[in-house]
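Data file: structure-v7.tsv. Format and content: TSV, C-alpha atoms.
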chain	number	residue	atom	x	y	z
A	1	MET	CA	0.00	0.00	0.00
A	2	SER	CA	2.83	2.36	0.75
A	3	THR	CA	4.32	1.68	-2.69
A	4	THR	CA	0.98	2.53	-4.32
A	5	THR	CA	0.74	5.69	-2.26
A	6	ILE	CA	4.23	6.75	-3.32
A	7	GLU	CA	3.47	6.07	-6.99
A	8	THR	CA	0.20	8.04	-6.74
A	9	SER	CA	1.97	10.96	-5.08
A	10	ALA	CA	4.65	10.90	-7.77
A	11	ALA	CA	2.00	10.91	-10.51
A	12	VAL	CA	0.19	13.84	-8.88
A	13	THR	CA	3.47	15.69	-8.54
A	14	GLU	CA	4.28	15.10	-12.22
A	15	GLN	CA	0.83	16.33	-13.23
A	16	SER	CA	1.22	19.44	-11.07
A	17	VAL	CA	4.64	20.18	-12.58
A	18	ALA	CA	3.27	19.63	-16.10
A	19	GLY	CA	0.28	21.88	-15.36
A	20	ALA	CA	2.54	24.57	-13.96
A	21	SER	CA	4.77	24.32	-17.04
A	22	ARG	CA	1.76	24.68	-19.32
A	23	ARG	CA	0.60	27.71	-17.35
A	24	ARG	CA	4.06	29.28	-17.57
A	25	ALA	CA	4.20	28.60	-21.30
A	26	ARG	CA	0.75	30.08	-21.73
A	27	ARG	CA	1.76	33.16	-19.79
A	28	ARG	CA	4.82	33.59	-21.99
A	29	GLY	CA	3.00	33.15	-25.30
A	30	GLU	CA	-0.39	34.64	-24.53
A	31	ARG	CA	-1.69	37.72	-22.78
A	32	GLY	CA	-3.62	37.23	-19.63
A	33	PRO	CA	-7.33	38.03	-19.25
A	34	ALA	CA	-6.62	41.42	-17.68
A	35	ALA	CA	-4.24	42.49	-20.47
A	36	THR	CA	-6.68	41.29	-23.14
A	37	LEU	CA	-9.54	43.15	-21.49
A	38	ALA	CA	-7.45	46.33	-21.19
A	39	SER	CA	-6.34	46.19	-24.85
A	40	HIS	CA	-9.92	45.67	-26.03
A	41	ALA	CA	-11.15	48.53	-23.87
A	42	LEU	CA	-8.41	50.80	-25.23
A	43	LEU	CA	-9.31	49.88	-28.82
A	44	ILE	CA	-12.99	50.55	-28.17
A	45	VAL	CA	-12.22	53.97	-26.70
A	46	ALA	CA	-9.87	54.82	-29.59
A	47	SER	CA	-12.49	53.71	-32.15
A	48	PHE	CA	-15.11	55.83	-30.44
A	49	ILE	CA	-12.85	58.88	-30.45
A	50	ALA	CA	-12.08	58.37	-34.15
A	51	PHE	CA	-15.68	57.80	-35.21
A	52	PHE	CA	-17.35	60.40	-32.99
A	53	PRO	CA	-16.68	63.47	-35.23
A	54	VAL	CA	-17.96	61.58	-38.29
A	55	GLY	CA	-21.01	60.29	-36.46
A	56	TRP	CA	-21.73	63.74	-35.04
A	57	LEU	CA	-21.51	65.28	-38.51
A	58	ILE	CA	-23.94	62.72	-39.90
A	59	TYR	CA	-26.28	63.33	-36.96
A	60	LEU	CA	-26.26	67.12	-37.50
A	61	SER	CA	-26.90	66.64	-41.22
A	62	LEU	CA	-30.25	65.06	-40.36
A	63	GLY	CA	-31.50	68.14	-38.49
A	64	PRO	CA	-34.17	70.15	-40.36
A	65	ASP	CA	-33.13	73.54	-39.00
A	66	LYS	CA	-29.86	75.44	-39.43
A	67	ASP	CA	-29.68	76.12	-35.67
A	68	ASP	CA	-30.19	72.52	-34.58
A	69	TYR	CA	-26.53	72.27	-33.63
A	70	LEU	CA	-27.38	74.52	-30.67
A	71	HIS	CA	-29.89	71.99	-29.32
A	72	PRO	CA	-28.88	68.64	-30.84
A	73	GLY	CA	-31.29	66.70	-28.67
A	74	HIS	CA	-34.21	67.92	-30.80
A	75	ILE	CA	-32.77	66.34	-33.93
A	76	TRP	CA	-33.55	62.83	-32.72
A	77	HIS	CA	-37.29	63.46	-32.97
A	78	THR	CA	-37.21	65.45	-36.22
A	79	MET	CA	-34.71	63.55	-38.39
A	80	THR	CA	-35.10	64.09	-42.12
A	81	LEU	CA	-33.21	63.66	-45.38
A	82	ASP	CA	-34.45	66.99	-46.75
A	83	ASN	CA	-30.99	68.54	-46.35
A	84	TYR	CA	-29.50	66.01	-48.75
A	85	ALA	CA	-32.33	66.52	-51.24
A	86	PHE	CA	-31.87	70.30	-51.11
A	87	VAL	CA	-28.11	70.07	-51.63
A	88	LEU	CA	-28.48	67.75	-54.62
A	89	LYS	CA	-31.32	69.68	-56.27
A	90	HIS	CA	-30.84	73.35	-55.40
A	91	THR	CA	-27.08	73.89	-55.16
A	92	SER	CA	-24.15	73.58	-57.56
A	93	PHE	CA	-23.17	70.27	-55.98
A	94	PHE	CA	-22.66	68.41	-59.26
A	95	ASP	CA	-20.66	71.30	-60.72
A	96	TRP	CA	-18.46	71.16	-57.62
A	97	LEU	CA	-18.17	67.40	-58.05
A	98	LYS	CA	-17.05	67.76	-61.67
A	99	SER	CA	-14.53	70.46	-60.81
A	100	THR	CA	-13.18	68.48	-57.87
A	101	LEU	CA	-12.74	65.30	-59.89
A	102	ILE	CA	-10.94	67.16	-62.69
A	103	VAL	CA	-8.64	69.06	-60.35
A	104	VAL	CA	-7.95	66.15	-58.03
A	105	GLY	CA	-7.47	63.67	-60.86
A	106	GLY	CA	-5.16	65.99	-62.79
A	107	THR	CA	-3.14	66.87	-59.71
A	108	THR	CA	-2.75	63.23	-58.73
A	109	VAL	CA	-1.63	62.08	-62.19
A	110	ILE	CA	0.68	64.99	-63.02
A	111	GLY	CA	2.07	65.40	-59.51
A	112	VAL	CA	2.80	61.71	-58.94
A	113	LEU	CA	4.31	61.34	-62.43
A	114	ILE	CA	6.70	64.26	-61.86
A	115	ALA	CA	7.51	63.06	-58.33
A	116	ALA	CA	8.15	59.50	-59.53
A	117	THR	CA	10.57	60.55	-62.26
A	118	THR	CA	12.31	62.93	-59.86
A	119	GLY	CA	12.61	60.34	-57.10
A	120	TYR	CA	13.89	57.70	-59.52
A	121	ALA	CA	16.48	60.03	-61.02
A	122	VAL	CA	17.87	60.99	-57.62
A	123	SER	CA	17.79	57.37	-56.43
A	124	ARG	CA	19.66	55.94	-59.43
A	125	MET	CA	21.65	58.73	-61.10
A	126	ARG	CA	24.59	60.48	-59.46
A	127	PHE	CA	24.51	63.82	-61.27
A	128	PRO	CA	26.24	66.90	-59.78
A	129	GLY	CA	24.19	68.42	-56.97
A	130	TYR	CA	21.64	65.61	-56.68
A	131	ARG	CA	21.69	65.76	-52.88
A	132	LYS	CA	21.31	69.53	-52.82
A	133	PHE	CA	18.46	69.21	-55.29
A	134	MET	CA	16.41	67.11	-52.88
A	135	TRP	CA	17.07	69.52	-50.04
A	136	LEU	CA	16.05	72.38	-52.33
A	137	LEU	CA	12.73	70.63	-52.91
A	138	LEU	CA	12.27	70.36	-49.17
A	139	LEU	CA	13.12	74.04	-48.77
A	140	THR	CA	10.24	75.05	-51.03
A	141	GLN	CA	7.83	73.57	-48.47
A	142	MET	CA	8.95	76.08	-45.85
A	143	PHE	CA	7.31	79.09	-47.50
A	144	PRO	CA	3.76	79.84	-46.23
A	145	ILE	CA	0.93	79.82	-48.74
A	146	ALA	CA	0.15	83.50	-48.08
A	147	VAL	CA	3.59	84.43	-49.40
A	148	LEU	CA	3.23	82.31	-52.54
A	149	ILE	CA	-0.27	83.34	-53.60
A	150	VAL	CA	0.63	86.81	-54.95
A	151	PRO	CA	3.52	85.79	-57.24
A	152	MET	CA	1.63	82.67	-58.36
A	153	TYR	CA	-1.42	84.76	-59.18
A	154	GLN	CA	0.74	87.09	-61.29
A	155	ILE	CA	2.27	84.15	-63.14
A	156	MET	CA	-1.08	82.46	-63.74
A	157	SER	CA	-2.57	85.76	-64.91
A	158	ASP	CA	0.24	86.29	-67.42
A	159	LEU	CA	-0.30	82.76	-68.74
A	160	GLY	CA	-4.08	83.20	-68.94
A	161	LEU	CA	-4.70	80.34	-66.50
A	162	ILE	CA	-6.82	82.17	-63.92
A	163	ASP	CA	-10.17	80.41	-63.34
A	164	THR	CA	-9.02	77.34	-65.28
A	165	TYR	CA	-8.62	73.75	-64.15
A	166	LEU	CA	-5.12	73.50	-65.62
A	167	GLY	CA	-3.90	76.47	-63.61
A	168	LEU	CA	-5.16	75.02	-60.33
A	169	VAL	CA	-3.77	71.57	-61.19
A	170	LEU	CA	-0.30	73.02	-61.83
A	171	ILE	CA	-0.39	75.05	-58.61
A	172	ASN	CA	-1.51	72.07	-56.53
A	173	SER	CA	1.23	69.98	-58.13
A	174	THR	CA	3.86	72.38	-56.83
A	175	THR	CA	2.75	71.62	-53.28
A	176	ILE	CA	2.69	67.82	-53.55
A	177	VAL	CA	5.73	67.10	-55.73
A	178	PRO	CA	8.42	67.84	-53.07
A	179	TYR	CA	6.97	65.50	-50.45
A	180	CYS	CA	6.04	62.78	-52.95
A	181	ALA	CA	9.50	62.95	-54.52
A	182	TRP	CA	11.11	62.34	-51.13
A	183	LEU	CA	8.69	59.52	-50.37
A	184	LEU	CA	9.20	57.77	-53.71
A	185	LYS	CA	12.96	58.27	-53.62
A	186	GLY	CA	13.01	56.33	-50.36
A	187	TYR	CA	10.89	53.61	-51.89
A	188	PHE	CA	13.02	53.35	-55.05
A	189	ASP	CA	16.07	52.93	-52.80
A	190	THR	CA	14.57	49.64	-51.58
A	191	ILE	CA	14.44	48.21	-55.12
A	192	PRO	CA	17.73	46.42	-55.99
A	193	PHE	CA	20.01	48.02	-58.57
A	194	GLU	CA	20.33	44.63	-60.24
A	195	ILE	CA	16.90	45.13	-61.78
A	196	ASP	CA	18.14	48.23	-63.61
A	197	GLU	CA	21.20	46.33	-64.78
A	198	ALA	CA	19.01	43.50	-66.04
A	199	GLY	CA	16.95	46.01	-68.00
A	200	ARG	CA	20.07	47.44	-69.63
A	201	VAL	CA	21.24	43.94	-70.53
A	202	ASP	CA	17.89	43.36	-72.24
A	203	GLY	CA	18.39	46.52	-74.27
A	204	LEU	CA	15.99	48.82	-72.41
A	205	THR	CA	16.65	52.52	-72.17
A	206	PRO	CA	16.71	54.12	-68.69
A	207	PHE	CA	13.18	55.38	-69.25
A	208	GLY	CA	12.08	51.97	-70.50
A	209	THR	CA	13.57	50.34	-67.42
A	210	PHE	CA	11.75	52.85	-65.24
A	211	VAL	CA	8.37	52.30	-66.91
A	212	ARG	CA	8.48	48.55	-67.55
A	213	LEU	CA	10.43	47.25	-64.54
A	214	ILE	CA	10.57	49.78	-61.71
A	215	LEU	CA	7.06	51.24	-61.70
A	216	PRO	CA	5.31	47.83	-61.43
A	217	LEU	CA	7.47	47.05	-58.38
A	218	ALA	CA	6.79	50.47	-56.88
A	219	LYS	CA	2.99	50.20	-56.82
A	220	PRO	CA	2.74	50.42	-52.99
A	221	GLY	CA	4.85	53.58	-52.93
A	222	LEU	CA	2.91	55.07	-55.83
A	223	ALA	CA	-0.34	54.29	-53.99
A	224	VAL	CA	0.83	56.25	-50.94
A	225	ALA	CA	1.94	59.18	-53.08
A	226	ALA	CA	-1.35	59.13	-55.01
A	227	PHE	CA	-3.35	59.03	-51.78
A	228	TYR	CA	-1.41	62.00	-50.37
A	229	ALA	CA	-1.86	63.97	-53.62
A	230	PHE	CA	-5.55	63.11	-53.70
A	231	LEU	CA	-6.22	64.28	-50.14
A	232	THR	CA	-4.09	67.40	-50.51
A	233	ALA	CA	-5.84	68.53	-53.70
A	234	PHE	CA	-9.25	67.49	-52.39
A	235	GLY	CA	-9.05	69.57	-49.24
A	236	GLU	CA	-7.05	72.53	-50.55
A	237	VAL	CA	-8.90	75.83	-49.99
A	238	ALA	CA	-6.51	78.79	-50.25
A	239	PHE	CA	-5.42	78.32	-53.86
A	240	ALA	CA	-8.83	77.12	-55.06
A	241	SER	CA	-10.68	80.08	-53.57
A	242	THR	CA	-8.12	82.53	-55.03
A	243	PHE	CA	-7.69	81.19	-58.55
A	244	MET	CA	-11.20	79.85	-59.25
A	245	LEU	CA	-13.59	82.78	-59.72
A	246	SER	CA	-16.70	81.11	-61.16
A	247	ASP	CA	-19.15	79.31	-58.91
A	248	SER	CA	-19.36	76.45	-61.41
A	249	ASN	CA	-15.58	75.97	-61.15
A	250	TYR	CA	-15.49	75.76	-57.36
A	251	THR	CA	-14.18	72.60	-55.78
A	252	PHE	CA	-15.95	71.01	-52.84
A	253	ALA	CA	-13.68	72.69	-50.31
A	254	VAL	CA	-14.59	76.13	-51.67
A	255	GLY	CA	-18.23	75.27	-52.31
A	256	LEU	CA	-18.71	74.47	-48.63
A	257	GLN	CA	-17.92	78.10	-47.81
A	258	SER	CA	-21.01	79.25	-49.70
A	259	PHE	CA	-23.19	77.97	-46.87
A	260	VAL	CA	-21.61	80.39	-44.40
A	261	SER	CA	-21.77	84.15	-44.86
A	262	GLU	CA	-21.39	87.17	-42.64
A	263	HIS	CA	-25.07	87.19	-41.66
A	264	ASP	CA	-26.14	83.57	-42.08
A	265	ALA	CA	-24.80	80.06	-41.51
A	266	GLN	CA	-26.71	77.08	-42.90
A	267	ARG	CA	-24.87	74.50	-40.88
A	268	ASN	CA	-27.36	71.72	-41.56
A	269	LEU	CA	-26.78	72.03	-45.32
A	270	MET	CA	-23.03	72.27	-44.79
A	271	ALA	CA	-23.09	69.07	-42.73
A	272	ALA	CA	-25.11	67.24	-45.40
A	273	THR	CA	-22.71	68.39	-48.12
A	274	ALA	CA	-19.71	67.33	-46.04
A	275	VAL	CA	-21.18	63.84	-45.69
A	276	LEU	CA	-21.77	63.62	-49.43
A	277	ILE	CA	-18.28	64.76	-50.39
A	278	ALA	CA	-16.75	62.19	-48.04
A	279	ILE	CA	-17.97	59.45	-50.40
A	280	PRO	CA	-15.29	60.02	-53.12
A	281	VAL	CA	-12.54	60.02	-50.51
A	282	SER	CA	-13.82	56.77	-49.02
A	283	ALA	CA	-14.04	55.18	-52.47
A	284	PHE	CA	-10.48	56.22	-53.35
A	285	PHE	CA	-9.18	54.94	-50.02
A	286	TYR	CA	-10.87	51.60	-50.69
A	287	LEU	CA	-9.07	51.34	-54.04
A	288	VAL	CA	-5.57	51.99	-52.65
A	289	GLN	CA	-5.84	50.41	-49.20
A	290	LYS	CA	-4.18	47.15	-50.28
A	291	ASN	CA	-0.93	48.94	-51.10
A	292	LEU	CA	-1.21	51.79	-48.60
A	293	VAL	CA	0.27	50.15	-45.50
A	294	THR	CA	2.98	48.39	-47.49
A	295	GLY	CA	4.02	51.62	-49.15
A	296	LEU	CA	4.09	53.53	-45.87
A	297	THR	CA	6.47	51.05	-44.22
A	298	ALA	CA	8.64	49.90	-47.12
A	299	GLY	CA	10.33	53.26	-47.70
A	300	GLY	CA	11.53	53.50	-44.11
A	301	THR	CA	14.48	51.12	-44.56
A	302	LYS	CA	16.86	50.32	-47.37
A	303	GLY	CA	17.81	46.81	-48.37

Could you spell out this file's structure in structure tokens?
Amino acid sequence: MSTTTIETSAAVTEQSVAGASRRRARRRGERGPAATLASHALLIVASFIAFFPVGWLIYLSLGPDKDDYLHPGHIWHTMTLDNYAFVLKHTSFFDWLKSTLIVVGGTTVIGVLIAATTGYAVSRMRFPGYRKFMWLLLLTQMFPIAVLIVPMYQIMSDLGLIDTYLGLVLINSTTIVPYCAWLLKGYFDTIPFEIDEAGRVDGLTPFGTFVRLILPLAKPGLAVAAFYAFLTAFGEVAFASTFMLSDSNYTFAVGLQSFVSEHDAQRNLMAATAVLIAIPVSAFFYLVQKNLVTGLTAGGTKG
């Protein structure tokens, strides 16, 4: 009986040691219940903070009166879609949409194309002053918009580009090219030089190598640059309000200002318009989201 007791005690001891080992392994590889609960609570709070302004804007857009933002509790009992119907039927919303798509699309294509060729040239070609050139691009970003508007207006006026889409596209491109060139230069640095050498062996010109070999590999970086150019041109106000004089040529960012004047503020219509113009941004983000995170992280290191 004593032998059986000893064997039983040994088996219990082995089971306890094995259970303790499993618990230690679980603690090393997995978070405990308290840590999991805390991380989930933090994510919920962060999600609420991020979504609250958007949700509040949508809520205010459903109020029938322009002063409902002063007593938002009344909106719950009087919700209506009349603000959206008014914006679509009785404002220049679709003219603003057309202007915005033209300006944003042109700025994205031209700006990213110039930035891509600039970034590739600096990444691959060692011409005199290539380092100073990149710093010069960065220097242009230091001037405030208020200082640039007057000389740009004079230049655009001399070229006959005031109140034209091309003029605004070119001006917006000057603001996005420096940053996008730096971003794409960092991304091109991560692409091995052997690919360029293989293109030359196959008889491709430098431009052919850039178009046929490098650009397909740089899609994540191009997606980030395109997204930055899109958002910058989409939300730009100072240049658009200065160089676009016709109401039909206003972009969304400028069109929103028409709801607020010195003596009146139709905040319910402004909120409804803001919700509507968020749709193109959401659609564009959906298109580039696959490459967005990859492009943001890949340019941070070389190799």

Show which residues sit within 7 Å of Gly111 in chain A, as a ChimeraX atom specification. Count only C-alpha atoms, and ignore same-chain residues fewer than 5 positions away. /A:173,176-177

Selected residues written out, C-alpha atoms, as a PDB file, in the coordinates of the input:
ATOM      1  CA  SER A 173       1.230  69.980 -58.130  1.00  0.00           C
ATOM      2  CA  ILE A 176       2.690  67.820 -53.550  1.00  0.00           C
ATOM      3  CA  VAL A 177       5.730  67.100 -55.730  1.00  0.00           C
TER       4      VAL A 177
END

Residue with smallest distance to Ala225 in chain A - pool A:Ala198, A:Ala41, A:Asp82, A:Thr107, counting all atoms listed in the file: A:Thr107

What is the CA of Asn172 in chain A to CA of Met244 in chain A distance in Å? 12.7 Å

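Straight-line separation from CA of Gln266 in chain A to CA of Lys66 in chain A: 5.0 Å.
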
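All protein, DNA and RNA residues at most 12 Å from (-35.5, 62.6, -38.5) are A:Ile58, A:Tyr59, A:Leu60, A:Ser61, A:Leu62, A:Gly63, A:Pro64, A:Asp65, A:Asp68, A:Pro72, A:Gly73, A:His74, A:Ile75, A:Trp76, A:His77, A:Thr78, A:Met79, A:Thr80, A:Leu81, A:Asp82, A:Asn83, using all atoms listed in the file.
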
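If you measure from each of A:Val254, A:Phe284, A:Ser123, A:His71 to Phe193 in chain A using only C-alpha atoms, the closest one turns out to be A:Ser123.
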
Within 7 Å of Gly221 in chain A, counting only C-alpha atoms, which residues qualify if same-chain residues fewer than 3 places away don't, as an NGL selection string? :A and (184 or 187 or 218 or 224-225 or 295)

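Here CA of Lys132 in chain A and CA of Met152 in chain A stand 24.3 Å from one another.
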
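Remark: for Phe230 in chain A, the closest of the candidate residues A:Ala85, A:Val281, A:Ile49, A:Val122 is A:Val281 (distances computed over all atoms listed in the file).
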
Could you check which residues have any atom within 12 Å of (15.0, 46.9, -56.6), counting all atoms listed in the file with coordinates taken straight from the file, and then list them as a PyMOL selection string? chain A and resi 120+123-124+185-199+209-210+213-218+298-299+302-303

Could you give me, as a PDB file with C-alpha atoms, in the frame of the given file, the residues within 10 Å of Phe285 in chain A, counting all atoms listed in the file and dropping anything in the same chain fewer than 6 positions from it?
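This is the output file around_6.pdb:
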ATOM      1  CA  ALA A 223      -0.340  54.290 -53.990  1.00  0.00           C
ATOM      2  CA  PHE A 227      -3.350  59.030 -51.780  1.00  0.00           C
ATOM      3  CA  PHE A 230      -5.550  63.110 -53.700  1.00  0.00           C
ATOM      4  CA  LEU A 231      -6.220  64.280 -50.140  1.00  0.00           C
ATOM      5  CA  ILE A 279     -17.970  59.450 -50.400  1.00  0.00           C
ATOM      6  CA  LEU A 292      -1.210  51.790 -48.600  1.00  0.00           C
TER       7      LEU A 292
END

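For Tyr165 in chain A, the list of residues within 7 Å, based on all atoms listed in the file and with local chain neighbours fewer than 3 positions off taken out, reads Val103, Leu168 and Val169 of chain A.
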
Expected axis-aligned box over every listed atom of range 183-194 of chain A, 5 Å added per side, centre plus edges in Å to one decimal, as lines of an AutoDock Vina configuration file:
center_x = 14.5
center_y = 52.1
center_z = -55.3
size_x = 21.6
size_y = 24.9
size_z = 19.9

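In this comparison, which uses all atoms listed in the file, the residue of A:Leu37, A:Phe243, A:Ala229, A:Phe133 approaching Ala121 in chain A most closely is A:Phe133.
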
Of the candidates A:Met156, A:Val147, A:Ile162, A:Cys180, which one gets nearest to Met134 in chain A if we count all atoms listed in the file? A:Cys180
